[in-house]
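Remarks on the structure that follows.
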Amino acid sequence: MAEDGVRIHGWYLPVLRARWVTLLSHGNAGNISHRLDRALLLQARLRSSVFLYDYRGYGASEGSPDEAGTYRDARAAYRYLAEEKQVRADELVLFGESLGSAVSLELARARPAAALVLEAPFTSV
């Protein structure tokens, strides 16, 4: 649940003896079900568990999308991994795809992580 009470939907996809946990912030189109191929690749190639979540207003998450809300949603996903799954910051990879790059970058400014990966970030707004 985000700081403002909006319920965020996500999937935790664990890997046995994972080296990392990847928090994936997706791009503008679609929802987490459209990112399963990427999650499977991260699991197979990097031995990383993956947490996918939908921003408010996407998929099964409540609310309506807005910029500030996407940052709250990312913080909620981070908090879930830290508190519920006991993931340490030095095990966590923040992965942003397109729009999710800005979300992951903002999260990295506020919370510690082992790495930040930006795929196809935009260069201007």
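Chain lettering (A, B, ...) mirrors the order of the structure tokens, residue numbering begins at 1 for each chain separately, and ligand numbering begins at 1 in order of display.
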Near-Arg111 in chain A list (12 Å; only C-alpha atoms; drop same-chain fewer than 2 positions) as a PDB file with all heavy atoms, in the first residue's frame:
```pdb
ATOM      1  N   TYR A  71       5.878   7.795  -7.946  1.00  0.00           N
ATOM      2  CA  TYR A  71       6.994   7.781  -6.987  1.00  0.00           C
ATOM      3  C   TYR A  71       6.549   7.138  -5.672  1.00  0.00           C
ATOM      4  O   TYR A  71       7.298   6.381  -5.066  1.00  0.00           O
ATOM      5  CB  TYR A  71       7.519   9.190  -6.739  1.00  0.00           C
ATOM      6  CG  TYR A  71       8.008   9.898  -7.980  1.00  0.00           C
ATOM      7  CD1 TYR A  71       7.835  11.258  -8.142  1.00  0.00           C
ATOM      8  CD2 TYR A  71       8.647   9.205  -9.011  1.00  0.00           C
ATOM      9  CE1 TYR A  71       8.278  11.916  -9.274  1.00  0.00           C
ATOM     10  CE2 TYR A  71       9.088   9.847 -10.151  1.00  0.00           C
ATOM     11  CZ  TYR A  71       8.909  11.213 -10.277  1.00  0.00           C
ATOM     12  OH  TYR A  71       9.350  11.848 -11.404  1.00  0.00           O
ATOM     13  N   ALA A  74       6.472   3.343  -6.176  1.00  0.00           N
ATOM     14  CA  ALA A  74       7.810   2.746  -6.135  1.00  0.00           C
ATOM     15  C   ALA A  74       8.307   2.626  -4.692  1.00  0.00           C
ATOM     16  O   ALA A  74       8.890   1.606  -4.312  1.00  0.00           O
ATOM     17  CB  ALA A  74       8.784   3.566  -6.972  1.00  0.00           C
ATOM     18  N   ARG A  75       8.058   3.655  -3.890  1.00  0.00           N
ATOM     19  CA  ARG A  75       8.460   3.587  -2.482  1.00  0.00           C
ATOM     20  C   ARG A  75       7.697   2.476  -1.755  1.00  0.00           C
ATOM     21  O   ARG A  75       8.252   1.790  -0.897  1.00  0.00           O
ATOM     22  CB  ARG A  75       8.269   4.939  -1.794  1.00  0.00           C
ATOM     23  CG  ARG A  75       9.287   5.975  -2.240  1.00  0.00           C
ATOM     24  CD  ARG A  75       9.275   7.207  -1.366  1.00  0.00           C
ATOM     25  NE  ARG A  75       8.011   7.910  -1.339  1.00  0.00           N
ATOM     26  CZ  ARG A  75       7.671   8.904  -2.155  1.00  0.00           C
ATOM     27  NH1 ARG A  75       8.512   9.327  -3.090  1.00  0.00           N
ATOM     28  NH2 ARG A  75       6.501   9.505  -2.035  1.00  0.00           N
ATOM     29  N   ALA A  76       6.429   2.287  -2.112  1.00  0.00           N
ATOM     30  CA  ALA A  76       5.637   1.208  -1.509  1.00  0.00           C
ATOM     31  C   ALA A  76       6.205  -0.156  -1.905  1.00  0.00           C
ATOM     32  O   ALA A  76       6.296  -1.062  -1.070  1.00  0.00           O
ATOM     33  CB  ALA A  76       4.173   1.315  -1.930  1.00  0.00           C
ATOM     34  N   ALA A  77       6.593  -0.311  -3.147  1.00  0.00           N
ATOM     35  CA  ALA A  77       7.184  -1.572  -3.605  1.00  0.00           C
ATOM     36  C   ALA A  77       8.507  -1.824  -2.882  1.00  0.00           C
ATOM     37  O   ALA A  77       8.775  -2.952  -2.434  1.00  0.00           O
ATOM     38  CB  ALA A  77       7.394  -1.532  -5.120  1.00  0.00           C
ATOM     39  N   TYR A  78       9.317  -0.799  -2.752  1.00  0.00           N
ATOM     40  CA  TYR A  78      10.593  -0.905  -2.035  1.00  0.00           C
ATOM     41  C   TYR A  78      10.349  -1.308  -0.580  1.00  0.00           C
ATOM     42  O   TYR A  78      10.998  -2.213  -0.053  1.00  0.00           O
ATOM     43  CB  TYR A  78      11.315   0.435  -2.118  1.00  0.00           C
ATOM     44  CG  TYR A  78      12.703   0.451  -1.525  1.00  0.00           C
ATOM     45  CD1 TYR A  78      13.821   0.364  -2.342  1.00  0.00           C
ATOM     46  CD2 TYR A  78      12.906   0.581  -0.154  1.00  0.00           C
ATOM     47  CE1 TYR A  78      15.102   0.391  -1.811  1.00  0.00           C
ATOM     48  CE2 TYR A  78      14.176   0.609   0.387  1.00  0.00           C
ATOM     49  CZ  TYR A  78      15.270   0.520  -0.447  1.00  0.00           C
ATOM     50  OH  TYR A  78      16.536   0.547   0.086  1.00  0.00           O
ATOM     51  N   ARG A  79       9.409  -0.641   0.053  1.00  0.00           N
ATOM     52  CA  ARG A  79       9.081  -0.930   1.455  1.00  0.00           C
ATOM     53  C   ARG A  79       8.592  -2.377   1.609  1.00  0.00           C
ATOM     54  O   ARG A  79       8.965  -3.073   2.556  1.00  0.00           O
ATOM     55  CB  ARG A  79       8.042   0.062   1.959  1.00  0.00           C
ATOM     56  CG  ARG A  79       7.799   0.014   3.456  1.00  0.00           C
ATOM     57  CD  ARG A  79       6.894   1.136   3.951  1.00  0.00           C
ATOM     58  NE  ARG A  79       5.617   1.203   3.269  1.00  0.00           N
ATOM     59  CZ  ARG A  79       5.296   2.112   2.349  1.00  0.00           C
ATOM     60  NH1 ARG A  79       6.132   3.061   1.998  1.00  0.00           N
ATOM     61  NH2 ARG A  79       4.106   2.086   1.774  1.00  0.00           N
ATOM     62  N   ALA A  82      11.624  -4.634   1.464  1.00  0.00           N
ATOM     63  CA  ALA A  82      12.455  -4.498   2.658  1.00  0.00           C
ATOM     64  C   ALA A  82      11.789  -5.106   3.887  1.00  0.00           C
ATOM     65  O   ALA A  82      12.427  -5.837   4.649  1.00  0.00           O
ATOM     66  CB  ALA A  82      12.784  -3.028   2.899  1.00  0.00           C
ATOM     67  N   ARG A  88      17.655  -6.883   1.670  1.00  0.00           N
ATOM     68  CA  ARG A  88      18.599  -5.822   2.060  1.00  0.00           C
ATOM     69  C   ARG A  88      18.909  -4.946   0.850  1.00  0.00           C
ATOM     70  O   ARG A  88      18.865  -5.400  -0.290  1.00  0.00           O
ATOM     71  CB  ARG A  88      19.894  -6.432   2.588  1.00  0.00           C
ATOM     72  CG  ARG A  88      19.734  -7.275   3.837  1.00  0.00           C
ATOM     73  CD  ARG A  88      21.083  -7.721   4.381  1.00  0.00           C
ATOM     74  NE  ARG A  88      22.087  -7.992   3.369  1.00  0.00           N
ATOM     75  CZ  ARG A  88      22.399  -9.204   2.907  1.00  0.00           C
ATOM     76  NH1 ARG A  88      21.762 -10.277   3.363  1.00  0.00           N
ATOM     77  NH2 ARG A  88      23.338  -9.352   1.996  1.00  0.00           N
ATOM     78  N   ALA A  89      19.269  -3.703   1.109  1.00  0.00           N
ATOM     79  CA  ALA A  89      19.591  -2.760   0.036  1.00  0.00           C
ATOM     80  C   ALA A  89      20.733  -3.268  -0.839  1.00  0.00           C
ATOM     81  O   ALA A  89      20.720  -3.058  -2.056  1.00  0.00           O
ATOM     82  CB  ALA A  89      19.928  -1.392   0.620  1.00  0.00           C
ATOM     83  N   ASP A  90      21.707  -3.956  -0.254  1.00  0.00           N
ATOM     84  CA  ASP A  90      22.847  -4.432  -1.037  1.00  0.00           C
ATOM     85  C   ASP A  90      22.511  -5.648  -1.906  1.00  0.00           C
ATOM     86  O   ASP A  90      23.345  -6.134  -2.653  1.00  0.00           O
ATOM     87  CB  ASP A  90      24.056  -4.712  -0.150  1.00  0.00           C
ATOM     88  CG  ASP A  90      23.843  -5.850   0.838  1.00  0.00           C
ATOM     89  OD1 ASP A  90      22.698  -6.332   0.998  1.00  0.00           O
ATOM     90  OD2 ASP A  90      24.835  -6.254   1.473  1.00  0.00           O
ATOM     91  N   LEU A  92      19.465  -5.466  -3.688  1.00  0.00           N
ATOM     92  CA  LEU A  92      18.367  -4.935  -4.491  1.00  0.00           C
ATOM     93  C   LEU A  92      18.857  -4.175  -5.718  1.00  0.00           C
ATOM     94  O   LEU A  92      19.686  -3.270  -5.608  1.00  0.00           O
ATOM     95  CB  LEU A  92      17.508  -4.013  -3.626  1.00  0.00           C
ATOM     96  CG  LEU A  92      16.246  -3.457  -4.273  1.00  0.00           C
ATOM     97  CD1 LEU A  92      15.295  -4.576  -4.686  1.00  0.00           C
ATOM     98  CD2 LEU A  92      15.558  -2.515  -3.305  1.00  0.00           C
ATOM     99  N   VAL A  93      18.322  -4.543  -6.864  1.00  0.00           N
ATOM    100  CA  VAL A  93      18.595  -3.850  -8.120  1.00  0.00           C
ATOM    101  C   VAL A  93      17.324  -3.114  -8.529  1.00  0.00           C
ATOM    102  O   VAL A  93      16.266  -3.721  -8.644  1.00  0.00           O
ATOM    103  CB  VAL A  93      19.009  -4.844  -9.231  1.00  0.00           C
ATOM    104  CG1 VAL A  93      19.164  -4.127 -10.569  1.00  0.00           C
ATOM    105  CG2 VAL A  93      20.285  -5.582  -8.847  1.00  0.00           C
ATOM    106  N   LEU A  94      17.436  -1.816  -8.730  1.00  0.00           N
ATOM    107  CA  LEU A  94      16.316  -1.011  -9.224  1.00  0.00           C
ATOM    108  C   LEU A  94      16.416  -0.981 -10.739  1.00  0.00           C
ATOM    109  O   LEU A  94      17.447  -0.581 -11.292  1.00  0.00           O
ATOM    110  CB  LEU A  94      16.391   0.412  -8.654  1.00  0.00           C
ATOM    111  CG  LEU A  94      16.473   0.519  -7.138  1.00  0.00           C
ATOM    112  CD1 LEU A  94      16.580   1.984  -6.720  1.00  0.00           C
ATOM    113  CD2 LEU A  94      15.294  -0.157  -6.473  1.00  0.00           C
ATOM    114  N   SER A 104      12.461   4.813 -11.217  1.00  0.00           N
ATOM    115  CA  SER A 104      13.582   4.134 -10.556  1.00  0.00           C
ATOM    116  C   SER A 104      14.678   5.112 -10.159  1.00  0.00           C
ATOM    117  O   SER A 104      15.282   4.979  -9.089  1.00  0.00           O
ATOM    118  CB  SER A 104      14.160   3.049 -11.469  1.00  0.00           C
ATOM    119  OG  SER A 104      13.241   2.003 -11.621  1.00  0.00           O
ATOM    120  N   LEU A 105      14.935   6.087 -11.001  1.00  0.00           N
ATOM    121  CA  LEU A 105      15.949   7.101 -10.688  1.00  0.00           C
ATOM    122  C   LEU A 105      15.542   7.901  -9.452  1.00  0.00           C
ATOM    123  O   LEU A 105      16.366   8.126  -8.549  1.00  0.00           O
ATOM    124  CB  LEU A 105      16.166   8.025 -11.883  1.00  0.00           C
ATOM    125  CG  LEU A 105      17.225   9.104 -11.714  1.00  0.00           C
ATOM    126  CD1 LEU A 105      18.582   8.500 -11.416  1.00  0.00           C
ATOM    127  CD2 LEU A 105      17.287   9.954 -12.968  1.00  0.00           C
ATOM    128  N   GLU A 106      14.296   8.304  -9.388  1.00  0.00           N
ATOM    129  CA  GLU A 106      13.814   9.048  -8.219  1.00  0.00           C
ATOM    130  C   GLU A 106      13.893   8.175  -6.966  1.00  0.00           C
ATOM    131  O   GLU A 106      14.275   8.659  -5.890  1.00  0.00           O
ATOM    132  CB  GLU A 106      12.382   9.529  -8.453  1.00  0.00           C
ATOM    133  CG  GLU A 106      11.810  10.331  -7.318  1.00  0.00           C
ATOM    134  CD  GLU A 106      12.530  11.646  -7.040  1.00  0.00           C
ATOM    135  OE1 GLU A 106      13.194  12.180  -7.955  1.00  0.00           O
ATOM    136  OE2 GLU A 106      12.444  12.130  -5.895  1.00  0.00           O
ATOM    137  N   LEU A 107      13.570   6.896  -7.087  1.00  0.00           N
ATOM    138  CA  LEU A 107      13.664   5.994  -5.945  1.00  0.00           C
ATOM    139  C   LEU A 107      15.120   5.854  -5.496  1.00  0.00           C
ATOM    140  O   LEU A 107      15.410   5.863  -4.293  1.00  0.00           O
ATOM    141  CB  LEU A 107      13.075   4.628  -6.306  1.00  0.00           C
ATOM    142  CG  LEU A 107      13.042   3.589  -5.193  1.00  0.00           C
ATOM    143  CD1 LEU A 107      12.226   4.077  -3.993  1.00  0.00           C
ATOM    144  CD2 LEU A 107      12.479   2.275  -5.728  1.00  0.00           C
ATOM    145  N   ALA A 108      16.044   5.756  -6.447  1.00  0.00           N
ATOM    146  CA  ALA A 108      17.466   5.621  -6.124  1.00  0.00           C
ATOM    147  C   ALA A 108      18.005   6.870  -5.417  1.00  0.00           C
ATOM    148  O   ALA A 108      18.937   6.772  -4.625  1.00  0.00           O
ATOM    149  CB  ALA A 108      18.269   5.344  -7.392  1.00  0.00           C
ATOM    150  N   ARG A 109      17.426   8.020  -5.707  1.00  0.00           N
ATOM    151  CA  ARG A 109      17.840   9.251  -5.018  1.00  0.00           C
ATOM    152  C   ARG A 109      17.434   9.226  -3.546  1.00  0.00           C
ATOM    153  O   ARG A 109      18.086   9.840  -2.717  1.00  0.00           O
ATOM    154  CB  ARG A 109      17.214  10.473  -5.688  1.00  0.00           C
ATOM    155  CG  ARG A 109      17.766  10.778  -7.064  1.00  0.00           C
ATOM    156  CD  ARG A 109      16.993  11.865  -7.796  1.00  0.00           C
ATOM    157  NE  ARG A 109      16.265  12.788  -6.958  1.00  0.00           N
ATOM    158  CZ  ARG A 109      16.622  14.052  -6.705  1.00  0.00           C
ATOM    159  NH1 ARG A 109      17.717  14.529  -7.251  1.00  0.00           N
ATOM    160  NH2 ARG A 109      15.879  14.816  -5.951  1.00  0.00           N
ATOM    161  N   ALA A 113      20.370   1.162  -2.788  1.00  0.00           N
ATOM    162  CA  ALA A 113      20.234  -0.060  -3.582  1.00  0.00           C
ATOM    163  C   ALA A 113      21.616  -0.470  -4.073  1.00  0.00           C
ATOM    164  O   ALA A 113      22.537   0.353  -4.120  1.00  0.00           O
ATOM    165  CB  ALA A 113      19.298   0.162  -4.764  1.00  0.00           C
ATOM    166  N   ALA A 114      21.756  -1.728  -4.463  1.00  0.00           N
ATOM    167  CA  ALA A 114      23.026  -2.232  -4.974  1.00  0.00           C
ATOM    168  C   ALA A 114      23.328  -1.681  -6.361  1.00  0.00           C
ATOM    169  O   ALA A 114      24.480  -1.444  -6.705  1.00  0.00           O
ATOM    170  CB  ALA A 114      23.007  -3.758  -5.015  1.00  0.00           C
ATOM    171  N   ALA A 115      22.281  -1.482  -7.168  1.00  0.00           N
ATOM    172  CA  ALA A 115      22.484  -1.032  -8.549  1.00  0.00           C
ATOM    173  C   ALA A 115      21.217  -0.365  -9.075  1.00  0.00           C
ATOM    174  O   ALA A 115      20.118  -0.600  -8.569  1.00  0.00           O
ATOM    175  CB  ALA A 115      22.851  -2.210  -9.450  1.00  0.00           C
ATOM    176  N   LEU A 116      21.419   0.452 -10.091  1.00  0.00           N
ATOM    177  CA  LEU A 116      20.327   1.103 -10.813  1.00  0.00           C
ATOM    178  C   LEU A 116      20.526   0.832 -12.294  1.00  0.00           C
ATOM    179  O   LEU A 116      21.595   1.124 -12.839  1.00  0.00           O
ATOM    180  CB  LEU A 116      20.339   2.613 -10.541  1.00  0.00           C
ATOM    181  CG  LEU A 116      19.394   3.470 -11.377  1.00  0.00           C
ATOM    182  CD1 LEU A 116      17.941   3.138 -11.072  1.00  0.00           C
ATOM    183  CD2 LEU A 116      19.675   4.955 -11.129  1.00  0.00           C
TER     184      LEU A 116
END
```
Note to self: List as number ranges by chain the protein and nucleic acid residues near Tyr12 in chain A, meaning an atom at most 10 Å away when only C-alpha atoms are counted, but skip any in the same chain fewer than 3 places from it.
What the structure shows: A: 15, 21-23, 49-53, 81, 85
Next item on the list: To one decimal in Å, tell me the separation between CA of Leu99 in chain A and CA of Thr70 in chain A.
Entry: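 Here the two named atoms are 9.8 Å from each other.
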Item checked: Backbone-only DSSP, alpha helix (DSSP H) members of range 21-111 of chain A, as number ranges by chain -> A: 36-46, 67-83, 99-110
Excluding Gly30 in chain A and its own-chain neighbours fewer than 2 positions away, which residues fall within 12 Å of it when counting only C-alpha atoms? Please give them as a PDB file with N, CA and C atoms, in the first residue's frame.
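Output file around-v6.pdb is given in full below:
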```
ATOM      1  N   SER A  25      10.316  -1.371 -12.492  1.00  0.00           N
ATOM      2  CA  SER A  25       9.333  -0.307 -12.743  1.00  0.00           C
ATOM      3  C   SER A  25       9.124  -0.227 -14.247  1.00  0.00           C
ATOM      4  N   HIS A  26       7.933  -0.588 -14.692  1.00  0.00           N
ATOM      5  CA  HIS A  26       7.686  -0.727 -16.129  1.00  0.00           C
ATOM      6  C   HIS A  26       7.440   0.608 -16.832  1.00  0.00           C
ATOM      7  N   GLY A  27       7.365   0.528 -18.158  1.00  0.00           N
ATOM      8  CA  GLY A  27       7.110   1.699 -18.985  1.00  0.00           C
ATOM      9  C   GLY A  27       5.642   2.088 -18.983  1.00  0.00           C
ATOM     10  N   ASN A  28       5.304   3.032 -19.829  1.00  0.00           N
ATOM     11  CA  ASN A  28       3.975   3.641 -19.848  1.00  0.00           C
ATOM     12  C   ASN A  28       2.871   2.696 -20.293  1.00  0.00           C
ATOM     13  N   ILE A  32       1.981  -5.276 -15.576  1.00  0.00           N
ATOM     14  CA  ILE A  32       3.020  -6.242 -15.234  1.00  0.00           C
ATOM     15  C   ILE A  32       2.905  -7.554 -16.004  1.00  0.00           C
ATOM     16  N   SER A  33       1.710  -7.928 -16.418  1.00  0.00           N
ATOM     17  CA  SER A  33       1.563  -9.184 -17.167  1.00  0.00           C
ATOM     18  C   SER A  33       2.308  -9.127 -18.497  1.00  0.00           C
ATOM     19  N   HIS A  34       2.551  -7.927 -19.016  1.00  0.00           N
ATOM     20  CA  HIS A  34       3.286  -7.764 -20.274  1.00  0.00           C
ATOM     21  C   HIS A  34       4.794  -7.797 -20.070  1.00  0.00           C
ATOM     22  N   ARG A  35       5.258  -7.947 -18.818  1.00  0.00           N
ATOM     23  CA  ARG A  35       6.697  -7.943 -18.526  1.00  0.00           C
ATOM     24  C   ARG A  35       7.198  -9.304 -18.049  1.00  0.00           C
ATOM     25  N   LEU A  36       6.380 -10.324 -18.169  1.00  0.00           N
ATOM     26  CA  LEU A  36       6.801 -11.646 -17.703  1.00  0.00           C
ATOM     27  C   LEU A  36       8.009 -12.186 -18.458  1.00  0.00           C
ATOM     28  N   TYR A  53       5.420  -4.522 -10.253  1.00  0.00           N
ATOM     29  CA  TYR A  53       4.243  -3.875  -9.673  1.00  0.00           C
ATOM     30  C   TYR A  53       3.626  -2.950 -10.709  1.00  0.00           C
ATOM     31  N   ASP A  54       2.338  -2.740 -10.560  1.00  0.00           N
ATOM     32  CA  ASP A  54       1.633  -1.801 -11.433  1.00  0.00           C
ATOM     33  C   ASP A  54       1.483  -0.475 -10.718  1.00  0.00           C
ATOM     34  N   TYR A  55       1.740   0.595 -11.437  1.00  0.00           N
ATOM     35  CA  TYR A  55       1.477   1.932 -10.888  1.00  0.00           C
ATOM     36  C   TYR A  55      -0.025   2.083 -10.669  1.00  0.00           C
ATOM     37  N   GLY A  57      -3.649   3.018 -11.129  1.00  0.00           N
ATOM     38  CA  GLY A  57      -4.395   3.192 -12.376  1.00  0.00           C
ATOM     39  C   GLY A  57      -4.009   2.216 -13.474  1.00  0.00           C
ATOM     40  N   TYR A  58      -3.011   1.387 -13.252  1.00  0.00           N
ATOM     41  CA  TYR A  58      -2.598   0.368 -14.214  1.00  0.00           C
ATOM     42  C   TYR A  58      -2.942  -1.006 -13.659  1.00  0.00           C
ATOM     43  N   GLY A  59      -3.228  -1.954 -14.555  1.00  0.00           N
ATOM     44  CA  GLY A  59      -3.474  -3.330 -14.132  1.00  0.00           C
ATOM     45  C   GLY A  59      -4.492  -3.403 -13.009  1.00  0.00           C
ATOM     46  N   ALA A  60      -4.143  -4.109 -11.940  1.00  0.00           N
ATOM     47  CA  ALA A  60      -5.055  -4.300 -10.815  1.00  0.00           C
ATOM     48  C   ALA A  60      -4.810  -3.319  -9.666  1.00  0.00           C
ATOM     49  N   LEU A  99       9.425   4.995 -19.108  1.00  0.00           N
ATOM     50  CA  LEU A  99       8.857   5.825 -18.048  1.00  0.00           C
ATOM     51  C   LEU A  99       9.344   5.373 -16.673  1.00  0.00           C
TER      52      LEU A  99
END
```
